[in-house]
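Below is query-v8.txt, holding compact mmCIF, C-alpha atoms.
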# COMPACT_ATOMS: atom_id res chain seq x y z
CA MET A 1 40.10 -17.74 -18.27
CA LYS A 2 37.77 -18.73 -15.45
CA LYS A 3 35.79 -16.03 -13.69
CA ARG A 4 36.46 -15.80 -9.96
CA ILE A 5 33.19 -15.75 -8.01
CA GLY A 6 32.75 -14.98 -4.33
CA LEU A 7 29.58 -16.51 -2.89
CA LEU A 8 28.49 -14.38 0.07
CA TYR A 9 25.96 -16.05 2.37
CA GLY A 10 24.76 -16.69 5.92
CA GLY A 11 24.46 -13.36 7.69
CA LYS A 12 23.30 -11.82 10.94
CA SER A 13 19.64 -12.30 10.07
CA ALA A 14 16.53 -14.27 10.94
CA GLU A 15 16.87 -15.75 7.45
CA HIS A 16 20.37 -17.16 8.00
CA GLU A 17 19.33 -20.78 7.35
CA VAL A 18 17.50 -19.81 4.16
CA SER A 19 20.68 -18.17 2.90
CA LEU A 20 22.72 -21.32 3.59
CA SER A 21 20.27 -23.44 1.58
CA THR A 22 20.45 -20.97 -1.28
CA ALA A 23 24.25 -21.03 -1.29
CA ARG A 24 24.32 -24.83 -1.40
CA ALA A 25 21.92 -24.83 -4.35
CA VAL A 26 23.94 -22.25 -6.28
CA THR A 27 27.17 -24.25 -5.88
CA GLY A 28 25.30 -27.15 -7.48
CA ALA A 29 24.35 -25.07 -10.51
CA LEU A 30 27.64 -23.25 -11.17
CA ASN A 31 29.87 -24.71 -13.88
CA PHE A 32 33.24 -25.29 -12.20
CA GLU A 33 34.85 -25.37 -15.65
CA GLU A 34 33.87 -21.71 -16.06
CA TYR A 35 34.13 -20.36 -12.52
CA GLU A 36 36.52 -20.41 -9.58
CA VAL A 37 34.15 -20.43 -6.61
CA TYR A 38 35.12 -19.01 -3.21
CA PRO A 39 32.68 -19.33 -0.28
CA ILE A 40 32.39 -16.35 2.07
CA PHE A 41 30.37 -17.27 5.16
CA ILE A 42 28.96 -14.69 7.59
CA THR A 43 28.09 -16.23 10.95
CA LEU A 44 25.00 -15.39 13.00
CA GLU A 45 27.32 -13.31 15.19
CA GLY A 46 28.46 -11.30 12.18
CA GLU A 47 31.94 -12.84 11.72
CA TRP A 48 33.15 -13.09 8.13
CA ARG A 49 34.88 -16.38 7.28
CA ARG A 50 36.22 -17.21 3.85
CA GLY A 51 36.74 -20.86 3.07
CA GLU A 52 39.09 -22.45 0.59
CA ARG A 53 38.23 -22.46 -3.08
CA LEU A 54 35.48 -25.00 -3.79
CA GLU A 55 36.45 -27.81 -6.15
CA LYS A 56 32.92 -29.21 -6.41
CA PRO A 57 29.37 -28.39 -5.31
CA ALA A 58 28.59 -28.45 -1.60
CA SER A 59 26.46 -31.49 -0.74
CA THR A 60 25.25 -30.12 2.63
CA ILE A 61 24.91 -26.71 4.24
CA GLU A 62 27.30 -27.87 6.98
CA GLU A 63 30.11 -27.86 4.41
CA LEU A 64 29.55 -24.14 3.96
CA GLN A 65 29.75 -23.24 7.67
CA PHE A 66 33.40 -22.77 8.52
CA GLY A 67 35.02 -23.11 11.90
CA ASP A 68 38.39 -22.10 13.27
CA ASN A 69 40.27 -23.58 10.31
CA ALA A 70 38.81 -20.93 7.99
CA ASN A 71 40.20 -17.53 7.17
CA ILE A 72 38.45 -15.80 10.12
CA LEU A 73 38.19 -12.14 9.32
CA GLU A 74 36.95 -10.83 12.67
CA ASN A 75 36.41 -7.06 12.48
CA ASN A 76 38.41 -6.47 9.29
CA ILE A 77 35.72 -7.31 6.78
CA SER A 78 37.83 -6.31 3.78
CA ASP A 79 40.20 -9.19 4.63
CA PHE A 80 37.93 -11.44 2.58
CA LEU A 81 39.87 -9.96 -0.35
CA ILE A 82 43.19 -11.26 1.05
CA ASP A 83 44.50 -14.84 1.05
CA LYS A 84 46.16 -16.32 4.15
CA ASP A 85 49.55 -15.74 2.49
CA GLY A 86 48.76 -12.04 2.18
CA LYS A 87 48.11 -12.04 -1.55
CA SER A 88 45.14 -10.14 -2.91
CA VAL A 89 42.20 -12.13 -4.30
CA GLN A 90 40.81 -10.39 -7.37
CA PHE A 91 37.13 -11.30 -7.61
CA ASP A 92 35.39 -10.86 -10.94
CA VAL A 93 32.05 -10.69 -9.16
CA ILE A 94 30.54 -11.16 -5.71
CA PHE A 95 27.27 -13.10 -5.59
CA PRO A 96 25.35 -12.05 -2.45
CA LEU A 97 22.95 -14.79 -1.36
CA LEU A 98 21.89 -12.99 1.81
CA HIS A 99 18.27 -12.66 2.84
CA GLY A 100 16.74 -10.15 5.21
CA THR A 101 18.42 -7.62 7.49
CA ASN A 102 22.11 -6.89 6.86
CA GLY A 103 21.90 -8.71 3.55
CA GLU A 104 19.30 -7.51 1.10
CA ASP A 105 18.68 -4.14 2.73
CA GLY A 106 21.49 -2.22 1.03
CA THR A 107 24.09 -2.55 3.79
CA VAL A 108 26.26 -5.21 2.14
CA GLN A 109 25.62 -3.61 -1.24
CA GLY A 110 27.02 -0.36 0.13
CA LEU A 111 30.15 -2.14 1.34
CA LEU A 112 30.69 -3.72 -2.07
CA GLU A 113 30.21 -0.33 -3.73
CA VAL A 114 32.86 1.23 -1.47
CA LEU A 115 35.22 -1.65 -2.30
CA ASN A 116 34.44 -1.07 -6.01
CA LEU A 117 33.51 -4.71 -6.57
CA PRO A 118 30.99 -5.99 -9.13
CA TYR A 119 28.12 -7.80 -7.44
CA VAL A 120 24.97 -9.64 -8.49
CA GLY A 121 21.59 -8.10 -7.89
CA ASN A 122 20.18 -4.78 -6.83
CA GLY A 123 22.14 -1.75 -5.77
CA VAL A 124 22.01 0.19 -2.52
CA LEU A 125 18.89 2.23 -3.24
CA ALA A 126 16.79 -0.57 -4.70
CA SER A 127 17.82 -2.99 -1.95
CA ALA A 128 17.01 -0.54 0.84
CA THR A 129 13.72 0.38 -0.81
CA GLY A 130 12.78 -3.24 -1.33
CA MET A 131 13.39 -3.97 2.35
CA ASP A 132 11.41 -1.03 3.76
CA LYS A 133 7.78 -1.74 2.90
CA VAL A 134 6.70 1.82 3.71
CA ILE A 135 9.23 3.53 1.43
CA MET A 136 8.43 0.93 -1.23
CA LYS A 137 4.72 1.69 -1.02
CA GLN A 138 5.37 5.42 -1.22
CA LEU A 139 7.41 4.96 -4.40
CA PHE A 140 4.72 2.71 -5.87
CA GLU A 141 2.17 5.41 -5.12
CA ILE A 142 4.29 7.99 -6.98
CA ALA A 143 4.60 5.57 -9.90
CA GLY A 144 0.81 5.15 -10.01
CA LEU A 145 0.80 1.45 -9.14
CA PRO A 146 -2.47 0.18 -7.60
CA GLN A 147 -2.17 -1.12 -4.03
CA VAL A 148 -4.40 -1.87 -1.06
CA PRO A 149 -4.94 0.81 1.63
CA TYR A 150 -2.36 0.87 4.43
CA THR A 151 -1.06 2.87 7.35
CA TYR A 152 2.18 2.83 9.32
CA PHE A 153 3.88 4.08 12.49
CA ILE A 154 7.06 3.69 14.50
CA ARG A 155 7.65 2.25 17.98
CA SER A 156 7.78 5.58 19.82
CA GLU A 157 4.44 6.60 18.30
CA TRP A 158 2.91 3.32 19.47
CA ALA A 159 4.25 3.90 22.98
CA ASN A 160 2.72 7.37 23.18
CA GLU A 161 -0.30 7.31 20.86
CA GLN A 162 -1.64 3.76 21.00
CA GLU A 163 -5.32 4.68 21.10
CA ALA A 164 -4.97 7.18 18.25
CA ILE A 165 -3.14 4.61 16.09
CA LEU A 166 -5.81 1.98 16.70
CA ALA A 167 -8.53 4.48 15.86
CA ARG A 168 -6.70 5.44 12.67
CA CYS A 169 -6.44 1.79 11.63
CA GLU A 170 -10.15 1.21 12.22
CA GLU A 171 -11.07 4.41 10.39
CA LYS A 172 -8.85 3.86 7.35
CA LEU A 173 -8.94 0.05 7.04
CA ASP A 174 -11.52 -2.71 7.23
CA TRP A 175 -11.09 -6.06 8.99
CA PRO A 176 -9.15 -8.22 8.53
CA MET A 177 -5.84 -6.38 8.65
CA PHE A 178 -2.33 -7.68 8.17
CA VAL A 179 0.38 -6.41 10.51
CA LYS A 180 3.96 -6.50 9.25
CA PRO A 181 7.40 -5.37 10.38
CA ALA A 182 8.38 -2.83 7.72
CA ASN A 183 11.93 -4.16 7.36
CA LEU A 184 11.94 -7.93 7.30
CA GLY A 185 11.49 -10.64 4.71
CA SER A 186 10.12 -14.18 4.38
CA SER A 187 6.89 -13.26 6.19
CA VAL A 188 8.66 -13.23 9.57
CA GLY A 189 6.64 -11.39 12.21
CA ILE A 190 3.52 -11.05 10.05
CA ASN A 191 0.10 -11.75 11.55
CA LYS A 192 -3.55 -11.38 10.60
CA ALA A 193 -5.92 -9.46 12.87
CA THR A 194 -9.72 -9.70 12.76
CA ASN A 195 -10.46 -7.47 15.76
CA ARG A 196 -8.83 -4.84 17.99
CA ASP A 197 -7.45 -7.31 20.55
CA GLU A 198 -5.79 -9.36 17.80
CA LEU A 199 -4.48 -6.15 16.24
CA VAL A 200 -2.79 -5.07 19.48
CA LYS A 201 -1.24 -8.53 19.90
CA ALA A 202 -0.03 -8.59 16.28
CA ILE A 203 1.53 -5.14 16.65
CA GLU A 204 3.37 -6.18 19.80
CA ILE A 205 4.76 -9.23 17.98
CA ALA A 206 5.81 -7.18 14.94
CA LEU A 207 7.58 -4.63 17.17
CA GLN A 208 9.89 -7.43 18.34
CA TYR A 209 11.35 -7.44 14.83
CA ASP A 210 11.33 -3.79 13.74
CA ARG A 211 10.74 -0.24 15.00
CA LYS A 212 8.50 0.55 12.03
CA ILE A 213 5.19 -1.26 11.46
CA VAL A 214 2.94 -1.30 8.40
CA ILE A 215 -0.71 -2.38 8.59
CA GLU A 216 -2.47 -3.33 5.38
CA GLN A 217 -6.06 -3.85 4.37
CA GLY A 218 -6.84 -7.53 3.92
CA ILE A 219 -8.64 -8.50 0.73
CA ILE A 220 -9.96 -11.69 -0.81
CA ALA A 221 -7.61 -12.30 -3.68
CA ARG A 222 -5.25 -14.74 -5.35
CA GLU A 223 -1.52 -14.31 -4.70
CA ILE A 224 0.30 -13.99 -8.02
CA GLU A 225 4.06 -13.61 -8.44
CA LEU A 226 6.26 -12.75 -11.42
CA ALA A 227 10.03 -12.79 -11.84
CA VAL A 228 11.88 -9.83 -13.34
CA LEU A 229 15.38 -10.17 -14.82
CA GLY A 230 17.59 -7.49 -16.34
CA ASN A 231 19.02 -4.02 -15.89
CA ASP A 232 17.75 -1.15 -18.04
CA PHE A 233 15.61 -3.40 -20.23
CA PRO A 234 14.05 -5.98 -17.89
CA GLU A 235 12.30 -9.15 -18.96
CA VAL A 236 9.35 -10.63 -17.09
CA SER A 237 8.45 -14.29 -16.63
CA VAL A 238 5.11 -16.02 -16.82
CA PRO A 239 3.01 -15.51 -13.67
CA GLY A 240 2.79 -18.09 -10.91
CA GLU A 241 0.20 -18.53 -8.19
CA ILE A 242 0.78 -19.18 -4.49
CA LYS A 243 -1.85 -21.39 -2.86
CA PRO A 244 -1.03 -21.80 0.84
CA VAL A 245 -3.04 -24.23 2.96
CA THR A 246 -2.69 -21.81 5.88
CA GLU A 247 -4.52 -18.47 6.02
CA PHE A 248 -1.63 -16.68 4.37
CA TYR A 249 1.82 -17.37 2.96
CA ASP A 250 3.85 -17.31 6.19
CA TYR A 251 7.44 -18.38 7.00
CA ASP A 252 6.56 -22.02 7.70
CA SER A 253 4.56 -22.28 4.47
CA LYS A 254 7.53 -20.97 2.50
CA TYR A 255 10.36 -22.96 4.04
CA LYS A 256 9.25 -25.72 6.41
CA ASP A 257 6.01 -27.63 6.03
CA GLY A 258 5.66 -27.84 2.26
CA SER A 259 1.97 -27.01 2.57
CA THR A 260 1.94 -24.45 -0.23
CA ALA A 261 1.15 -25.25 -3.84
CA LEU A 262 2.97 -23.29 -6.55
CA ILE A 263 0.96 -23.21 -9.77
CA ILE A 264 3.00 -22.19 -12.81
CA PRO A 265 1.81 -20.74 -15.05
CA ALA A 266 -1.13 -19.26 -13.16
CA GLU A 267 -4.49 -19.60 -14.84
CA LEU A 268 -5.32 -16.04 -15.82
CA PRO A 269 -6.88 -14.27 -18.81
CA GLU A 270 -4.35 -13.11 -21.38
CA ASN A 271 -5.09 -9.44 -20.72
CA ALA A 272 -4.51 -9.93 -16.98
CA VAL A 273 -1.14 -11.58 -17.70
CA SER A 274 -0.11 -8.66 -19.91
CA SER A 275 -1.17 -6.16 -17.24
CA LEU A 276 0.74 -8.02 -14.54
CA GLN A 277 3.89 -8.16 -16.64
CA GLU A 278 3.71 -4.44 -17.40
CA LEU A 279 3.10 -3.59 -13.73
CA ALA A 280 6.04 -5.80 -12.71
CA LYS A 281 8.31 -3.84 -15.05
CA ARG A 282 7.02 -0.54 -13.68
CA ALA A 283 7.62 -1.70 -10.11
CA PHE A 284 11.16 -2.78 -11.04
CA LYS A 285 11.87 0.63 -12.54
CA ALA A 286 10.19 2.49 -9.67
CA ILE A 287 12.83 1.20 -7.24
CA ASP A 288 15.63 1.48 -9.85
CA GLY A 289 16.04 -2.30 -9.85
CA SER A 290 18.89 -4.24 -11.40
CA GLY A 291 19.57 -7.93 -11.80
CA LEU A 292 16.57 -9.61 -10.25
CA VAL A 293 13.29 -8.86 -8.52
CA ARG A 294 10.23 -10.93 -7.70
CA ALA A 295 7.07 -8.84 -7.96
CA ASP A 296 4.11 -10.02 -5.85
CA PHE A 297 0.50 -9.09 -6.62
CA PHE A 298 -3.05 -9.64 -5.43
CA VAL A 299 -5.61 -10.47 -8.13
CA THR A 300 -9.29 -10.38 -7.16
CA ALA A 301 -12.18 -12.40 -8.61
CA ASP A 302 -12.95 -9.65 -11.14
CA ASN A 303 -9.21 -9.55 -12.11
CA SER A 304 -8.50 -6.26 -10.37
CA ILE A 305 -4.76 -6.11 -9.70
CA TYR A 306 -2.95 -4.68 -6.67
CA ILE A 307 0.80 -4.80 -6.13
CA ASN A 308 1.78 -6.25 -2.77
CA GLU A 309 5.56 -5.86 -2.75
CA VAL A 310 8.79 -6.56 -4.57
CA ASN A 311 11.52 -8.80 -3.20
CA THR A 312 15.04 -7.79 -4.27
CA MET A 313 16.64 -11.08 -3.15
CA PRO A 314 13.88 -13.66 -3.48
CA GLY A 315 14.19 -17.29 -2.46
CA PHE A 316 16.71 -18.74 -4.88
CA THR A 317 16.86 -22.50 -4.47
CA PRO A 318 15.79 -24.54 -7.53
CA VAL A 319 12.38 -25.12 -5.90
CA SER A 320 11.82 -21.46 -5.01
CA MET A 321 9.27 -19.45 -6.95
CA TYR A 322 11.72 -17.10 -8.69
CA PRO A 323 13.83 -19.79 -10.43
CA LEU A 324 10.73 -21.90 -11.11
CA LEU A 325 9.06 -18.98 -12.88
CA TRP A 326 12.06 -18.67 -15.19
CA GLN A 327 12.21 -22.43 -15.69
CA HIS A 328 8.65 -22.20 -17.04
CA THR A 329 9.77 -19.28 -19.21
CA ASN A 330 12.51 -21.45 -20.76
CA VAL A 331 15.42 -20.20 -18.64
CA SER A 332 17.12 -22.99 -16.65
CA TYR A 333 18.58 -22.54 -13.17
CA PRO A 334 22.23 -22.64 -14.35
CA GLU A 335 21.44 -20.27 -17.23
CA LEU A 336 19.67 -17.91 -14.82
CA ILE A 337 22.75 -17.78 -12.60
CA ASN A 338 25.01 -17.14 -15.61
CA ARG A 339 22.79 -14.30 -16.80
CA LEU A 340 22.75 -12.68 -13.37
CA ILE A 341 26.54 -12.77 -13.26
CA THR A 342 26.72 -11.23 -16.74
CA LEU A 343 24.24 -8.51 -15.76
CA ALA A 344 26.31 -7.69 -12.68
CA ILE A 345 29.50 -7.28 -14.69
CA GLU A 346 27.71 -5.19 -17.35
CA ARG A 347 26.31 -2.83 -14.68
CA PHE A 348 29.72 -2.52 -13.03
CA GLU A 349 31.47 -1.75 -16.32
CA GLU A 350 28.88 0.89 -17.15
CA LYS A 351 29.40 2.54 -13.76
CA GLN A 352 33.17 2.64 -14.33
CA GLN A 353 32.55 5.00 -17.26
CA LEU A 354 31.28 7.73 -14.93
CA HIS A 355 33.47 10.75 -14.25
CA TYR A 356 34.27 11.49 -10.61
CA LYS A 357 36.25 14.68 -11.12
CA LYS A 358 35.97 17.78 -13.28
CA ASP A 359 37.98 17.76 -16.47

If you took the structure in this file and wrote it as structure tokens, what would it be?
Amino acid sequence: MKKRIGLLYGGKSAEHEVSLSTARAVTGALNFEEYEVYPIFITLEGEWRRGERLEKPASTIEELQFGDNANILENNISDFLIDKDGKSVQFDVIFPLLHGTNGEDGTVQGLLEVLNLPYVGNGVLASATGMDKVIMKQLFEIAGLPQVPYTYFIRSEWANEQEAILARCEEKLDWPMFVKPANLGSSVGINKATNRDELVKAIEIALQYDRKIVIEQGIIAREIELAVLGNDFPEVSVPGEIKPVTEFYDYDSKYKDGSTALIIPAELPENAVSSLQELAKRAFKAIDGSGLVRADFFVTADNSIYINEVNTMPGFTPVSMYPLLWQHTNVSYPELINRLITLAIERFEEKQQLHYKKD
């Protein structure tokens, strides 16, 4: 019997277009002989719209953006479980392909937990932790993972203590510094500052995207990424290196101008590769990861390693780093998708064994 898959994509997020591209790519990799595929589109305004069952892969992202002829769910989000004729749709698994706010931050994961639906990827805690760079860094610190110095603050503190915050940055960190919204992905809102004026400007830009800001010490290092796959016993891919033409790996470098080289596998000593793979596993476990995570590191000229962050819903088109890392570790894109679906069902079935009342 075919498994019934709900592809959940789009979203009320700055990364809406990225999600659409990911969804189109996944429809091209799913075996329609094994799966019944139902598209569930979330508009930029937050409307949920479920389309008809897909009979073949989507050739364009426009095919996945439904208008008034779709099952428009308005405020009753759970209606995506109901057909137009009122019959219940029993999904075997939901595959969230949402990036950024309201997608990979634990909010949708919480909804799916309440609905008691199996879903691909990280749970509520890991997703929320992976989105909030400050909480992530605090957990990494507890786990003993090496990372660059940083500081953070919230909008109200900036409004009332601007001079003190700037002084703290200059006391704790060296130039250059990188200013980031704490809760956003795909390098949106991130800027480099080499002096106080640039720092103030970068903070003001970052505050347009989030109320919490993290400022990190800049270092001269290579950007190395590894892919993690699994639940309790995760596997780690070969490492890959990001070589952006721009000063750092920003949104345009990732998704628009094609100016970034991805080198897989990265040229590293064997002991550095082993260390990176072990640290990637530890980072995965530190956030209680499940399904998939991309772990990003800095590696200096003397092969000192610092974890940068983990991404709990990394770019997932066939030319994105996460699938490419597995491709170079002998796991194809279709096989990767199949394994993620299997992992989701296994985690769900394990959770169903829990007792929720006293005997």

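Those residues positioned at most 10 Å from (32.7, -28.5, -8.9) are Thr27, Gly28, Ala29, Leu30, Asn31, Phe32, Glu33, Glu34, Tyr35, Glu36, Val37, Leu54, Glu55, Lys56, Pro57 and Ala58 of chain A, judged using all atoms listed in the file.
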
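CA of Val108 in chain A sits 11.4 Å away from CA of Lys12 in chain A.
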
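Coordinates place CA of Leu324 in chain A at a distance of 27.0 Å from CA of Asn191 in chain A.
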
With all atoms listed in the file as the counted atoms, please give the residues lying no more than 10 Å from Asp288 in chain A, apart from itself and same-chain residues fewer than 2 positions off, as a ChimeraX atom specification.
/A:122-127,129,231-232,282-286,290

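CA of Phe91 in chain A to CA of Ile337 in chain A spans 16.5 Å [interatomic distance, one decimal].
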
Listing only residues of range 146-189 of chain A within 10 Å of range 130-140 of chain A, what is the closest atom pair and its distance in Å (to one decimal) for each, using all atoms listed in the file, sorted by chain and residue number ascending, as a Markdown table?
| residue | atom | partner | partner_atom | distance |
| --- | --- | --- | --- | --- |
| A:Pro146 | CA | A:Phe140 | CA | 7.8 |
| A:Gln147 | CA | A:Lys137 | CA | 8.0 |
| A:Val148 | CA | A:Lys137 | CA | 9.8 |
| A:Tyr150 | CA | A:Lys137 | CA | 9.0 |
| A:Thr151 | CA | A:Val134 | CA | 8.6 |
| A:Tyr152 | CA | A:Val134 | CA | 7.3 |
| A:Phe153 | CA | A:Val134 | CA | 9.5 |
| A:Lys180 | CA | A:Lys133 | CA | 8.8 |
| A:Pro181 | CA | A:Lys133 | CA | 8.3 |
| A:Ala182 | CA | A:Lys133 | CA | 5.0 |
| A:Asn183 | CA | A:Asp132 | CA | 4.8 |
| A:Leu184 | CA | A:Met131 | CA | 6.5 |
| A:Gly185 | CA | A:Met131 | CA | 7.3 |

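Comparing A:Leu276, A:Ala143, A:Val245, A:Leu343 by their smallest distance to Glu225 in chain A, the closest is A:Leu276 (using all atoms listed in the file).
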
Gly103 in chain A environment, 9 Å, only C-alpha atoms, sequence neighbours closer than 5 positions dropped, as an MDAnalysis selection string:
chainID A and resid 9:13 96:98 108:109 127 313

If we count all atoms listed in the file and set the cut-off at 10 Å, which residues sit around range 166-172 of chain A, ignoring sequence neighbours fewer than 5 positions away in its own chain? Please answer as a ChimeraX atom specification.
/A:149-152,158,161,177,195-196,199-200,215-217

Taking 2 positions as the minimum chain separation for residues in the same chain, which residues sit within 10 Å of Glu62 in chain A when counting all atoms listed in the file? Answer as a PDB file with C-alpha atoms, keeping the file's coordinate frame.
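Okay, this is what ended up in result-v2.pdb:
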ATOM      1  CA  LEU A  20      22.720 -21.320   3.590  1.00  0.00           C
ATOM      2  CA  SER A  21      20.270 -23.440   1.580  1.00  0.00           C
ATOM      3  CA  ARG A  24      24.320 -24.830  -1.400  1.00  0.00           C
ATOM      4  CA  ALA A  58      28.590 -28.450  -1.600  1.00  0.00           C
ATOM      5  CA  SER A  59      26.460 -31.490  -0.740  1.00  0.00           C
ATOM      6  CA  THR A  60      25.250 -30.120   2.630  1.00  0.00           C
ATOM      7  CA  LEU A  64      29.550 -24.140   3.960  1.00  0.00           C
ATOM      8  CA  GLN A  65      29.750 -23.240   7.670  1.00  0.00           C
ATOM      9  CA  PHE A  66      33.400 -22.770   8.520  1.00  0.00           C
TER      10      PHE A  66
END

If I put a ball of radius 12 Å at (22.8, -10.1, 9.9) in the file's coordinates, which residues poke into it when counting all atoms listed in the file, written as a ChimeraX atom specification?
/A:9-17,19,41-48,98-108,184

Nearest residue to Ile219 in chain A from the set A:Lys192, A:Lys201, A:Lys2, A:Arg155 (distances using all atoms listed in the file)
A:Lys192

Hey, what's within 9 Å of Pro323 in chain A if we count only C-alpha atoms and toss same-chain stuff fewer than 4 positions away? As JSON, numbers by chain, please?
{"A": [227, 315, 316, 317, 318, 319, 327, 328, 331, 332, 333, 336]}
